[in-house]
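Source file: final_23.tsv; contents: TSV, C-alpha atoms.
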chain	number	residue	atom	x	y	z
A	60	MET	CA	15.65	9.75	22.57
A	61	LYS	CA	16.70	6.27	23.68
A	62	ASP	CA	13.47	5.74	25.61
A	63	ARG	CA	11.43	6.65	22.52
A	64	LEU	CA	13.49	4.74	19.94
A	65	PRO	CA	15.49	2.09	21.81
A	66	LEU	CA	17.81	-0.26	19.96
A	67	ILE	CA	16.08	-3.36	21.36
A	68	ARG	CA	12.75	-3.30	23.20
A	69	SER	CA	13.00	-7.02	23.94
A	70	VAL	CA	15.30	-9.68	22.51
A	71	LYS	CA	12.44	-12.00	21.54
A	72	SER	CA	10.44	-9.32	19.74
A	73	CYS	CA	13.59	-8.07	17.98
A	74	VAL	CA	14.40	-11.53	16.59
A	75	VAL	CA	10.82	-12.26	15.57
A	76	GLY	CA	10.33	-8.82	14.00
A	77	SER	CA	13.55	-9.07	12.00
A	78	LEU	CA	12.58	-12.49	10.66
A	79	LEU	CA	9.06	-11.45	9.72
A	80	ILE	CA	10.45	-8.73	7.48
A	81	ALA	CA	13.53	-10.56	6.18
A	82	VAL	CA	12.14	-14.03	5.42
A	83	PRO	CA	9.75	-12.99	2.59
A	84	TYR	CA	12.58	-11.17	0.83
A	85	LEU	CA	15.10	-13.94	1.35
A	86	PHE	CA	12.55	-16.43	0.00
A	87	PHE	CA	12.75	-14.71	-3.38
A	88	LEU	CA	16.50	-15.43	-3.44
A	89	LEU	CA	16.16	-19.19	-3.00
A	90	PRO	CA	17.68	-21.32	-5.79
A	91	GLY	CA	15.36	-22.75	-8.42
A	92	GLN	CA	13.29	-19.63	-9.02
A	93	GLY	CA	14.98	-18.84	-12.32
A	94	ILE	CA	12.16	-20.53	-14.22
A	95	LEU	CA	9.86	-17.76	-13.02
A	96	GLY	CA	11.86	-15.14	-14.88
A	97	PRO	CA	11.28	-11.65	-13.49
A	98	LEU	CA	8.31	-12.65	-11.32
A	99	PRO	CA	10.27	-12.85	-8.03
A	100	ALA	CA	11.55	-9.33	-8.71
A	101	VAL	CA	8.00	-8.14	-9.39
A	102	TYR	CA	6.70	-9.71	-6.17
A	103	ALA	CA	9.55	-8.20	-4.16
A	104	SER	CA	8.91	-4.79	-5.70
A	105	LEU	CA	5.20	-4.93	-4.83
A	106	LEU	CA	6.06	-6.02	-1.29
A	107	THR	CA	8.41	-3.05	-1.01
A	108	LEU	CA	5.90	-0.57	-2.42
A	109	PHE	CA	2.89	-1.50	-0.32
A	110	LEU	CA	4.20	-3.03	2.91
A	111	LEU	CA	7.88	-2.37	3.62
A	112	PRO	CA	7.72	1.22	5.01
A	113	THR	CA	4.88	0.37	7.38
A	114	ALA	CA	6.55	-2.88	8.45
A	115	LEU	CA	9.82	-1.07	9.23
A	116	CYS	CA	8.05	1.64	11.24
A	117	MET	CA	6.11	-1.01	13.17
A	118	ALA	CA	9.34	-2.90	13.88
A	119	ALA	CA	10.88	0.24	15.37
A	120	MET	CA	7.98	0.77	17.78
A	121	ILE	CA	7.27	-2.87	18.65
A	122	CYS	CA	10.73	-4.48	18.52
A	123	GLY	CA	13.34	-1.71	18.41
A	124	THR	CA	15.44	0.00	15.78
A	125	ALA	CA	17.73	-3.05	15.51
A	126	ALA	CA	14.85	-5.03	13.96
A	127	THR	CA	14.19	-2.14	11.57
A	128	ALA	CA	17.85	-2.13	10.49
A	129	ALA	CA	17.93	-5.90	10.02
A	130	GLY	CA	14.71	-5.92	7.99
A	131	LEU	CA	15.85	-3.00	5.86
A	132	ALA	CA	19.21	-4.67	5.18
A	133	ALA	CA	17.48	-7.89	4.05
A	134	ALA	CA	15.15	-5.93	1.75
A	135	LEU	CA	18.01	-3.96	0.20
A	136	ILE	CA	20.11	-7.09	-0.36
A	137	ALA	CA	17.18	-8.90	-1.98
A	138	MET	CA	16.27	-5.96	-4.22
A	139	ALA	CA	19.91	-5.54	-5.29
A	140	SER	CA	20.14	-9.23	-6.17
A	141	LEU	CA	16.81	-9.33	-8.00
A	142	THR	CA	16.71	-5.97	-9.76
A	143	GLY	CA	20.32	-4.77	-9.78
A	144	ARG	CA	21.63	-1.34	-8.96
A	145	GLN	CA	18.58	0.44	-10.35
A	146	GLY	CA	16.17	-1.46	-8.12
A	147	LEU	CA	18.41	-0.90	-5.10
A	148	THR	CA	18.49	2.84	-5.81
A	149	LEU	CA	14.71	3.10	-6.19
A	150	THR	CA	14.15	1.12	-2.97
A	151	ALA	CA	16.51	3.34	-0.99
A	152	VAL	CA	15.02	6.54	-2.43
A	153	TYR	CA	11.53	5.36	-1.46
A	154	VAL	CA	12.09	3.86	1.99
A	155	LEU	CA	14.85	5.93	3.61
A	156	PRO	CA	13.07	9.34	3.57
A	157	ILE	CA	9.96	7.76	5.09
A	158	LEU	CA	11.98	6.14	7.87
A	159	ALA	CA	13.88	9.38	8.53
A	160	ALA	CA	10.62	11.34	8.78
A	161	PHE	CA	9.07	8.75	11.09
A	162	PHE	CA	12.09	8.70	13.41
A	163	ALA	CA	12.11	12.50	13.49
A	164	VAL	CA	8.41	12.57	14.40
A	165	ILE	CA	8.93	10.13	17.29
A	166	ALA	CA	12.12	11.79	18.51
A	167	LEU	CA	10.58	15.28	18.51
A	168	LYS	CA	7.16	14.07	19.74
A	169	LEU	CA	5.29	16.04	17.13
A	170	PRO	CA	1.50	16.08	17.58
A	171	PHE	CA	-0.23	13.24	15.78
A	172	ARG	CA	-2.24	15.39	13.38
A	173	LYS	CA	0.87	17.19	12.12
A	174	SER	CA	2.84	13.94	12.06
A	175	CYS	CA	0.24	12.19	9.95
A	176	PHE	CA	0.15	14.95	7.33
A	177	LEU	CA	3.96	15.02	7.33
A	178	LEU	CA	4.21	11.28	6.65
A	179	ILE	CA	1.62	11.57	3.86
A	180	GLY	CA	3.65	14.36	2.28
A	181	VAL	CA	6.93	12.46	2.57
A	182	HIS	CA	5.29	9.37	1.08
A	183	GLY	CA	4.05	11.42	-1.86
A	184	ALA	CA	7.42	13.11	-2.41
A	185	ALA	CA	9.31	9.80	-2.23
A	186	LEU	CA	6.95	8.10	-4.68
A	187	ALA	CA	7.12	11.06	-7.06
A	188	LEU	CA	10.93	10.91	-6.98
A	189	VAL	CA	10.84	7.15	-7.62
A	190	TYR	CA	8.55	7.73	-10.58
A	191	MET	CA	10.82	10.42	-12.06
A	192	LEU	CA	13.90	8.25	-11.61
A	193	SER	CA	12.10	5.30	-13.20
A	194	GLN	CA	11.15	7.45	-16.19
A	195	ARG	CA	14.75	8.60	-16.52
A	196	MET	CA	16.07	5.02	-16.33
A	197	ALA	CA	13.58	4.00	-19.05
A	198	GLY	CA	14.59	6.88	-21.32
A	199	GLY	CA	11.30	8.71	-20.76
A	200	GLN	CA	9.25	5.73	-22.01
A	201	LEU	CA	8.43	3.94	-18.73
A	202	TYR	CA	5.08	2.50	-19.80
A	203	THR	CA	6.38	1.32	-23.15
A	204	ALA	CA	9.42	-0.24	-21.49
A	205	ALA	CA	7.19	-2.06	-19.00
A	206	GLY	CA	5.00	-3.40	-21.80
A	207	ASN	CA	8.04	-4.58	-23.74
A	208	ALA	CA	9.46	-6.28	-20.65
A	209	VAL	CA	6.24	-8.21	-20.07
A	210	GLY	CA	6.04	-9.16	-23.73
A	211	ASP	CA	9.65	-10.39	-23.81
A	212	PHE	CA	9.06	-12.43	-20.66
A	213	LEU	CA	5.97	-14.15	-22.07
A	214	LYS	CA	7.78	-14.78	-25.35
A	215	ASP	CA	10.63	-16.67	-23.66
A	216	TRP	CA	8.68	-18.27	-20.76
A	217	GLU	CA	7.86	-21.95	-21.23
A	218	MET	CA	4.30	-21.29	-20.05
A	219	GLY	CA	4.02	-18.15	-22.16
A	220	ASP	CA	1.77	-19.62	-24.85
A	221	THR	CA	-0.64	-20.94	-22.23
A	222	MET	CA	-0.77	-17.54	-20.51
A	223	LEU	CA	-1.30	-15.72	-23.80
A	224	TYR	CA	-4.15	-18.02	-24.82
A	225	GLN	CA	-5.79	-17.59	-21.41
A	226	LEU	CA	-5.60	-13.81	-21.76
A	227	TYR	CA	-7.11	-14.09	-25.22
A	228	SER	CA	-9.88	-16.43	-24.02
A	229	THR	CA	-10.90	-13.99	-21.27
A	230	GLY	CA	-11.00	-11.09	-23.73
A	231	LEU	CA	-8.15	-9.11	-22.19
A	232	ILE	CA	-6.10	-9.15	-25.40
A	233	ASP	CA	-7.13	-9.25	-29.05
A	234	LEU	CA	-6.16	-11.42	-32.00
A	235	LYS	CA	-6.73	-10.66	-35.66
A	236	SER	CA	-9.68	-12.57	-37.03
A	237	GLU	CA	-7.67	-14.10	-39.87
A	238	LEU	CA	-5.24	-15.61	-37.34
A	239	ALA	CA	-7.82	-16.98	-34.91
A	240	ASP	CA	-8.64	-20.20	-36.79
A	241	GLY	CA	-5.08	-21.49	-36.93
A	242	ALA	CA	-3.87	-19.99	-33.68
A	243	LEU	CA	-3.33	-23.35	-31.91
A	244	LEU	CA	-1.00	-25.94	-33.42
A	245	PRO	CA	-0.92	-29.53	-32.12
A	246	VAL	CA	2.48	-30.59	-30.77
A	247	LEU	CA	3.75	-33.53	-28.75
A	248	GLY	CA	2.03	-33.41	-25.38
A	249	GLY	CA	-0.37	-30.56	-26.16
A	250	TYR	CA	-0.68	-27.40	-28.24
A	251	GLN	CA	1.32	-24.27	-28.95
A	252	LEU	CA	0.54	-20.97	-30.62
A	253	SER	CA	1.45	-20.35	-34.21
A	254	SER	CA	4.24	-17.83	-34.67
A	255	ALA	CA	1.89	-15.30	-36.28
A	256	ALA	CA	-0.72	-15.63	-33.50
A	257	ARG	CA	1.96	-15.39	-30.82
A	258	ALA	CA	3.44	-12.23	-32.34
A	259	ASP	CA	0.01	-10.59	-32.60
A	260	MET	CA	-0.91	-11.53	-29.02
A	261	LEU	CA	2.42	-10.24	-27.71
A	262	LEU	CA	1.81	-6.94	-29.47
A	263	SER	CA	-1.62	-6.76	-27.82
A	264	VAL	CA	-0.09	-7.55	-24.40
A	265	ARG	CA	2.47	-4.76	-24.78
A	266	SER	CA	-0.30	-2.32	-25.65
A	267	LEU	CA	-2.47	-3.54	-22.74
A	268	ILE	CA	0.30	-3.13	-20.17
A	269	SER	CA	1.26	0.32	-21.44
A	270	SER	CA	-2.32	1.67	-21.47
A	271	THR	CA	-3.15	0.11	-18.10
A	272	LEU	CA	-0.12	1.64	-16.40
A	273	GLN	CA	-0.94	5.09	-17.74
A	274	GLY	CA	-4.14	5.10	-15.70
A	275	LEU	CA	-2.93	2.95	-12.82
A	276	VAL	CA	0.32	4.69	-11.87
A	277	PRO	CA	-1.22	8.10	-10.92
A	278	ASN	CA	-3.83	6.23	-8.87
A	279	ILE	CA	-1.14	4.27	-7.02
A	280	LEU	CA	1.00	7.34	-6.40
A	281	VAL	CA	-1.86	9.22	-4.74
A	282	SER	CA	-3.61	6.39	-2.89
A	283	GLN	CA	-0.38	4.87	-1.57
A	284	SER	CA	0.78	8.30	-0.38
A	285	ILE	CA	-2.37	8.74	1.71
A	286	LEU	CA	-2.97	5.17	2.86
A	287	GLY	CA	0.73	4.46	3.36
A	288	GLY	CA	1.31	7.69	5.28
A	289	VAL	CA	-1.60	6.99	7.62
A	290	ALA	CA	-0.59	3.35	8.07
A	291	CYS	CA	2.98	4.37	8.99
A	292	MET	CA	1.57	6.40	11.89
A	293	LEU	CA	-1.51	4.48	12.98
A	294	LEU	CA	-0.22	0.91	13.07
A	295	PRO	CA	3.20	1.50	14.72
A	296	LEU	CA	1.72	3.71	17.45
A	297	ARG	CA	-1.24	1.44	18.14
A	298	PHE	CA	0.52	-1.93	18.10
A	299	GLY	CA	3.64	-0.48	19.67
A	300	PHE	CA	1.60	0.70	22.64
A	301	LEU	CA	-0.12	-2.68	22.96
A	302	ALA	CA	3.26	-4.44	22.94
A	303	GLU	CA	4.67	-2.05	25.55
A	304	GLU	CA	1.55	-2.49	27.68
A	305	LYS	CA	1.98	-6.28	27.51
A	306	ARG	CA	5.63	-6.03	28.52
A	307	ALA	CA	4.67	-3.84	31.46
A	308	PHE	CA	2.13	-6.45	32.55
A	309	LEU	CA	4.69	-9.25	32.27
A	310	ARG	CA	7.03	-7.23	34.47
A	311	ASP	CA	4.31	-7.39	37.14
A	312	ALA	CA	3.74	-3.71	36.76
A	313	PRO	CA	0.44	-3.49	34.89
A	314	ALA	CA	-0.55	-0.02	33.87
A	315	PRO	CA	-3.91	1.31	35.07
A	316	GLU	CA	-6.74	1.38	32.56
A	317	GLY	CA	-7.78	4.46	30.63
A	318	GLU	CA	-5.86	7.44	29.37
A	319	GLU	CA	-3.83	7.72	32.57
A	320	GLY	CA	-2.64	4.19	31.95
A	321	LYS	CA	-1.42	5.12	28.51
A	322	GLN	CA	0.77	7.83	29.97
A	323	LYS	CA	2.30	5.54	32.60
A	324	VAL	CA	3.38	3.00	29.99
A	325	HIS	CA	5.87	5.65	28.78
A	326	PHE	CA	5.11	5.14	25.12
A	327	PRO	CA	5.14	8.07	22.64
A	328	ASP	CA	1.55	7.90	21.37
A	329	LEU	CA	1.78	11.54	20.17
A	330	GLY	CA	-1.76	12.17	21.34
A	331	MET	CA	-3.28	9.92	18.67
A	332	PRO	CA	-7.06	9.61	19.17
A	333	PRO	CA	-8.65	6.14	19.17
A	334	PHE	CA	-9.02	4.93	15.59
A	335	SER	CA	-12.73	4.27	16.14
A	336	MET	CA	-13.21	8.03	16.64
A	337	TRP	CA	-11.58	9.12	13.39
A	338	HIS	CA	-14.01	11.05	11.20
A	339	LEU	CA	-14.28	13.96	8.78
A	340	PRO	CA	-15.94	17.19	9.85
A	341	ARG	CA	-19.18	17.86	8.05
A	342	GLY	CA	-17.83	20.61	5.78
A	343	VAL	CA	-14.67	18.69	4.90
A	344	GLY	CA	-16.73	15.61	4.15
A	345	TRP	CA	-18.79	17.48	1.56
A	346	GLN	CA	-15.60	18.77	-0.08
A	347	VAL	CA	-14.10	15.27	-0.26
A	348	GLY	CA	-17.38	13.94	-1.63
A	349	ALA	CA	-17.40	16.62	-4.33
A	350	ALA	CA	-13.81	15.71	-5.26
A	351	LEU	CA	-14.82	12.05	-5.48
A	352	ALA	CA	-17.74	12.83	-7.79
A	353	ALA	CA	-15.64	15.15	-9.97
A	354	GLY	CA	-12.89	12.55	-10.23
A	355	TYR	CA	-15.38	9.86	-11.17
A	356	VAL	CA	-16.73	11.99	-14.03
A	357	LEU	CA	-13.36	13.23	-15.29
A	358	ARG	CA	-11.92	9.71	-15.47
A	359	ALA	CA	-14.29	8.98	-18.35
A	360	VAL	CA	-13.22	12.04	-20.36
A	361	ARG	CA	-11.18	11.18	-23.44
A	362	HIS	CA	-8.79	14.09	-22.99
A	363	PRO	CA	-5.66	12.58	-21.35
A	364	VAL	CA	-4.98	15.51	-19.01
A	365	ALA	CA	-8.57	15.56	-17.75
A	366	ALA	CA	-8.55	11.78	-17.33
A	367	ILE	CA	-5.34	11.86	-15.27
A	368	ALA	CA	-6.69	14.73	-13.16
A	369	GLY	CA	-9.84	12.72	-12.58
A	370	ALA	CA	-7.85	9.64	-11.58
A	371	ILE	CA	-5.86	11.69	-9.07
A	372	LEU	CA	-8.96	13.32	-7.57
A	373	TYR	CA	-10.79	10.01	-7.35
A	374	ALA	CA	-7.81	8.21	-5.78
A	375	ALA	CA	-7.31	10.92	-3.14
A	376	ALA	CA	-10.98	11.18	-2.17
A	377	SER	CA	-11.58	7.42	-2.18
A	378	SER	CA	-8.52	6.89	0.03
A	379	VAL	CA	-9.90	9.34	2.59
A	380	PHE	CA	-13.27	7.55	2.63
A	381	ILE	CA	-11.51	4.18	2.87
A	382	ILE	CA	-9.81	5.33	6.07
A	383	GLN	CA	-13.12	6.60	7.43
A	384	GLY	CA	-14.80	3.33	6.51
A	385	ALA	CA	-12.14	1.37	8.39
A	386	ALA	CA	-12.63	3.64	11.42
A	387	ALA	CA	-16.40	3.08	11.28
A	388	ILE	CA	-15.92	-0.70	11.15
A	389	ASN	CA	-13.52	-0.48	14.09
A	390	PHE	CA	-16.14	1.51	16.02
A	391	LEU	CA	-18.80	-1.15	15.41
A	392	GLN	CA	-16.42	-3.97	16.35
A	393	LYS	CA	-15.33	-2.29	19.58
A	394	SER	CA	-18.92	-1.54	20.55
A	395	ARG	CA	-19.73	-5.24	20.12
A	396	GLY	CA	-16.64	-6.49	21.90
A	397	ALA	CA	-14.92	-8.03	18.87
A	398	ARG	CA	-11.47	-9.45	19.46
A	399	ARG	CA	-8.43	-7.45	18.39
A	400	GLY	CA	-7.51	-9.92	15.66
A	401	TRP	CA	-10.87	-9.48	13.95
A	402	ARG	CA	-10.48	-5.70	14.16
A	403	VAL	CA	-7.55	-6.11	11.76
A	404	VAL	CA	-8.91	-8.92	9.57
A	405	ALA	CA	-12.37	-7.44	8.93
A	406	PRO	CA	-11.21	-4.06	7.49
A	407	VAL	CA	-8.62	-5.83	5.33
A	408	LEU	CA	-11.26	-8.16	3.88
A	409	LEU	CA	-13.65	-5.28	3.26
A	410	TYR	CA	-10.84	-3.35	1.57
A	411	VAL	CA	-10.11	-6.30	-0.72
A	412	LEU	CA	-13.83	-6.46	-1.55
A	413	SER	CA	-13.81	-2.71	-2.33
A	414	LEU	CA	-16.46	-2.00	0.30
A	415	LEU	CA	-14.60	0.25	2.72
A	416	MET	CA	-15.08	3.37	0.60
A	417	LEU	CA	-18.83	2.81	0.45
A	418	ILE	CA	-18.95	2.29	4.22
A	419	GLY	CA	-17.00	5.52	4.72
A	420	ILE	CA	-19.41	7.45	2.50
A	421	PHE	CA	-22.38	5.96	4.36
A	422	ASP	CA	-20.84	6.90	7.70
A	423	GLN	CA	-20.25	10.46	6.51
A	424	ILE	CA	-23.84	10.85	5.30
A	425	SER	CA	-25.65	9.03	8.10
A	426	ASN	CA	-23.38	9.97	11.03
A	427	PHE	CA	-24.40	6.70	12.71
A	428	ARG	CA	-21.48	7.01	15.13
A	429	GLY	CA	-22.85	10.35	16.33
A	430	LEU	CA	-19.44	12.04	16.12
A	431	ARG	CA	-20.48	15.06	14.06
A	432	LYS	CA	-22.73	17.54	15.79
A	433	PRO	CA	-25.85	18.50	13.83
A	434	PRO	CA	-25.87	22.05	12.48
A	435	GLU	CA	-27.31	24.54	14.92
A	436	PRO	CA	-30.78	25.76	13.93
A	437	LYS	CA	-31.04	29.36	12.80
A	438	GLU	CA	-32.80	31.72	15.12
A	439	ASP	CA	-36.26	32.88	14.11
A	440	PHE	CA	-36.87	36.59	14.01
Show me, as structure tokens, the structure contained in the file I just sent.
Amino acid sequence: MKDRLPLIRSVKSCVVGSLLIAVPYLFFLLPGQGILGPLPAVYASLLTLFLLPTALCMAAMICGTAATAAGLAAALIAMASLTGRQGLTLTAVYVLPILAAFFAVIALKLPFRKSCFLLIGVHGAALALVYMLSQRMAGGQLYTAAGNAVGDFLKDWEMGDTMLYQLYSTGLIDLKSELADGALLPVLGGYQLSSAARADMLLSVRSLISSTLQGLVPNILVSQSILGGVACMLLPLRFGFLAEEKRAFLRDAPAPEGEEGKQKVHFPDLGMPPFSMWHLPRGVGWQVGAALAAGYVLRAVRHPVAAIAGAILYAAASSVFIIQGAAAINFLQKSRGARRGWRVVAPVLLYVLSLLMLIGIFDQISNFRGLRKPPEPKEDF
């Protein structure tokens, strides 16, 4: 157990890893951020949702469990200070089960395929529990409460009028035609919204936030479960092995190259295949593609249940193709000798540009990596 999850893998890596996780959270606690209202809490919540579980798992495998504990403590302290007891509870409910599942996987040396599906399931269960608790805390009106919170913030924020007018100018919110002519009133040093225009815009903002979250939350729950679960296995095992390999080299005991070398580094890789070789079997790929197409169609249906089902199907299928697209890009980069840093930067940029899913679909159809065997021809009689 201690050799798989040591307290400290190296003092330097433990200190650096702890700081990399803790500093962003502690930054949100610096004095003088009160003028931003709830924005620091929102940023910290997004950081927790999308990055914290993966960062803590990576810290355990690269730096040691002490770095994981220090980073988790900083995150919990920051969330408690920024969001109160409710935010602290939601953070703990989300992160702790994922960490417990990851530690159990490493301690028991479960095969990678089973481990990956387990982490995806735990991610989904934790996010579902967070969603149910959030609904309960909001009295069953989570989306309405979120819209009201944003509206109240913009109403009291000194830059609120400017933000509202920008939203109106870009067409994101509406304003009654009879209020548009006198919406801006000249004041000392600039302009401000009339009280009637401000009230109407705030009402539109509340409606926009509520309707947007209704479609966005199911998408996030599903996509983050899949992408987060895979990231919590792929990145810690890969970068943890590289760090252990580097430490072995610095100890003047370099490990031999190839698969034998991986075993001699004494790192629990759980039999994870190279990321560049990840792919969907032909039959599974067609099923995922059908789910993607069905989800795309159902999202446009006006019936709310069908629209939510479509959003869930689309999010799940697109997440699978995003992972395959990243694997295909990694394959191309490795075949061309790209540096390791670019193997991380390029997929992230393509993900931001919403191109990874398309690359994954192209890889599934074209099989340009040659990983899927062509169907065997039928015998002629």
Close residues, Val281 of chain A itself excluded, 9 Å, all atoms listed in the file, min 4 positions apart in chain, as a PyMOL selection string = chain A and resi 183+186+276-277+285-286+371-372+374-375+378
Could you write out as lines of an AutoDock Vina configuration file the box around segment 266-277 of chain A (axis-aligned, all atoms listed in the file, 6 Å on each side), with centre and edge lengths in Å to one decimal?
center_x = -1.4
center_y = 2.3
center_z = -18.3
size_x = 17.4
size_y = 23.6
size_z = 26.7
message = If I take atom CA of Arg265 of chain A and atom CA of Ala134 of chain A, how far is one from the other in Å, to one decimal?
response = 29.4 Å
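Atom to atom, atom CA of Pro156 of chain A and atom CA of His182 of chain A stand 8.2 Å apart.
With distances restricted to all atoms listed in the file, A:Leu111 is the closest residue to Val154 of chain A from A:Leu111, A:Cys291, A:Ala133, A:Ile121.
Counting from atom CA of Ala132 of chain A, the distance to atom CA of Gly299 of chain A is 21.7 Å.
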query = So which one's closest to Ala159 of chain A, A:Cys175, A:Met196, A:Ala370, A:Cys116? Using all atoms listed in the file, please.
reply = A:Cys116
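The nearest approach to Ile157 of chain A among the residues A:Ala366, A:Pro99, A:Val289, A:Ala129, with only C-alpha atoms taken into account, belongs to A:Val289.
Close contacts of Lys173 of chain A, defined as residues with an atom at most 12 Å away when counting all atoms listed in the file, with chain neighbours fewer than 3 positions off set aside, comprise Ala160, Phe161, Val164, Ile165, Leu167, Lys168, Leu169, Pro170, Phe176, Leu177, Leu178, Ile179, Gly180, Gly288, Val289, Met292, Leu329, Gly330 and Met331 of chain A.
With all atoms listed in the file as the basis for measurement, A:Phe212 is the residue among A:Gln251, A:Asp233, A:Arg68, A:Phe212 that approaches Pro97 of chain A most closely.
Minimum atom-to-atom distances from A:Leu64, A:Ala100, A:Leu231, A:Leu213 to Ala166 of chain A were compared using all atoms listed in the file, and the lowest value belongs to A:Leu64.
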Using the atoms already present, construct N, CA and C atoms for segment 408-429 of chain A and hand them back as an mmCIF file, in the coordinates of the input.
data_model
loop_
_atom_site.group_PDB
_atom_site.id
_atom_site.type_symbol
_atom_site.label_atom_id
_atom_site.label_comp_id
_atom_site.auth_asym_id
_atom_site.auth_seq_id
_atom_site.Cartn_x
_atom_site.Cartn_y
_atom_site.Cartn_z
ATOM 1 N N LEU A 408 -10.361 -7.443 4.796
ATOM 2 C CA LEU A 408 -11.260 -8.160 3.880
ATOM 3 C C LEU A 408 -12.198 -7.209 3.160
ATOM 4 N N LEU A 409 -12.749 -6.247 3.885
ATOM 5 C CA LEU A 409 -13.650 -5.280 3.260
ATOM 6 C C LEU A 409 -12.911 -4.400 2.257
ATOM 7 N N TYR A 410 -11.637 -4.121 2.528
ATOM 8 C CA TYR A 410 -10.840 -3.350 1.570
ATOM 9 C C TYR A 410 -10.616 -4.156 0.285
ATOM 10 N N VAL A 411 -10.308 -5.437 0.444
ATOM 11 C CA VAL A 411 -10.110 -6.300 -0.720
ATOM 12 C C VAL A 411 -11.396 -6.383 -1.542
ATOM 13 N N LEU A 412 -12.539 -6.386 -0.870
ATOM 14 C CA LEU A 412 -13.830 -6.460 -1.550
ATOM 15 C C LEU A 412 -14.315 -5.103 -2.043
ATOM 16 N N SER A 413 -13.491 -4.070 -1.870
ATOM 17 C CA SER A 413 -13.810 -2.710 -2.330
ATOM 18 C C SER A 413 -15.090 -2.164 -1.695
ATOM 19 N N LEU A 414 -15.274 -2.464 -0.411
ATOM 20 C CA LEU A 414 -16.460 -2.000 0.300
ATOM 21 C C LEU A 414 -16.171 -0.896 1.305
ATOM 22 N N LEU A 415 -14.909 -0.721 1.673
ATOM 23 C CA LEU A 415 -14.600 0.250 2.720
ATOM 24 C C LEU A 415 -14.967 1.672 2.306
ATOM 25 N N MET A 416 -14.744 2.020 1.047
ATOM 26 C CA MET A 416 -15.080 3.370 0.600
ATOM 27 C C MET A 416 -16.579 3.634 0.733
ATOM 28 N N LEU A 417 -17.373 2.653 0.345
ATOM 29 C CA LEU A 417 -18.830 2.810 0.450
ATOM 30 C C LEU A 417 -19.258 2.946 1.904
ATOM 31 N N ILE A 418 -18.629 2.194 2.791
ATOM 32 C CA ILE A 418 -18.950 2.290 4.220
ATOM 33 C C ILE A 418 -18.565 3.673 4.742
ATOM 34 N N GLY A 419 -17.415 4.186 4.296
ATOM 35 C CA GLY A 419 -17.000 5.520 4.720
ATOM 36 C C GLY A 419 -17.965 6.596 4.250
ATOM 37 N N ILE A 420 -18.434 6.482 3.009
ATOM 38 C CA ILE A 420 -19.410 7.450 2.500
ATOM 39 C C ILE A 420 -20.708 7.360 3.295
ATOM 40 N N PHE A 421 -21.153 6.130 3.574
ATOM 41 C CA PHE A 421 -22.380 5.960 4.360
ATOM 42 C C PHE A 421 -22.231 6.551 5.755
ATOM 43 N N ASP A 422 -21.073 6.341 6.369
ATOM 44 C CA ASP A 422 -20.840 6.900 7.700
ATOM 45 C C ASP A 422 -20.861 8.422 7.661
ATOM 46 N N GLN A 423 -20.285 9.004 6.607
ATOM 47 C CA GLN A 423 -20.250 10.460 6.510
ATOM 48 C C GLN A 423 -21.656 11.028 6.336
ATOM 49 N N ILE A 424 -22.487 10.347 5.553
ATOM 50 C CA ILE A 424 -23.840 10.850 5.300
ATOM 51 C C ILE A 424 -24.763 10.605 6.482
ATOM 52 N N SER A 425 -24.694 9.395 7.046
ATOM 53 C CA SER A 425 -25.650 9.030 8.100
ATOM 54 C C SER A 425 -25.225 9.476 9.488
ATOM 55 N N ASN A 426 -23.897 9.618 9.702
ATOM 56 C CA ASN A 426 -23.380 9.970 11.030
ATOM 57 C C ASN A 426 -23.875 8.998 12.092
ATOM 58 N N PHE A 427 -23.845 7.675 11.766
ATOM 59 C CA PHE A 427 -24.400 6.700 12.710
ATOM 60 C C PHE A 427 -23.540 6.565 13.969
ATOM 61 N N ARG A 428 -22.290 7.026 13.918
ATOM 62 C CA ARG A 428 -21.480 7.010 15.130
ATOM 63 C C ARG A 428 -21.772 8.195 16.043
ATOM 64 N N GLY A 429 -22.500 9.182 15.542
ATOM 65 C CA GLY A 429 -22.850 10.350 16.330
ATOM 66 C C GLY A 429 -21.671 11.231 16.673
#
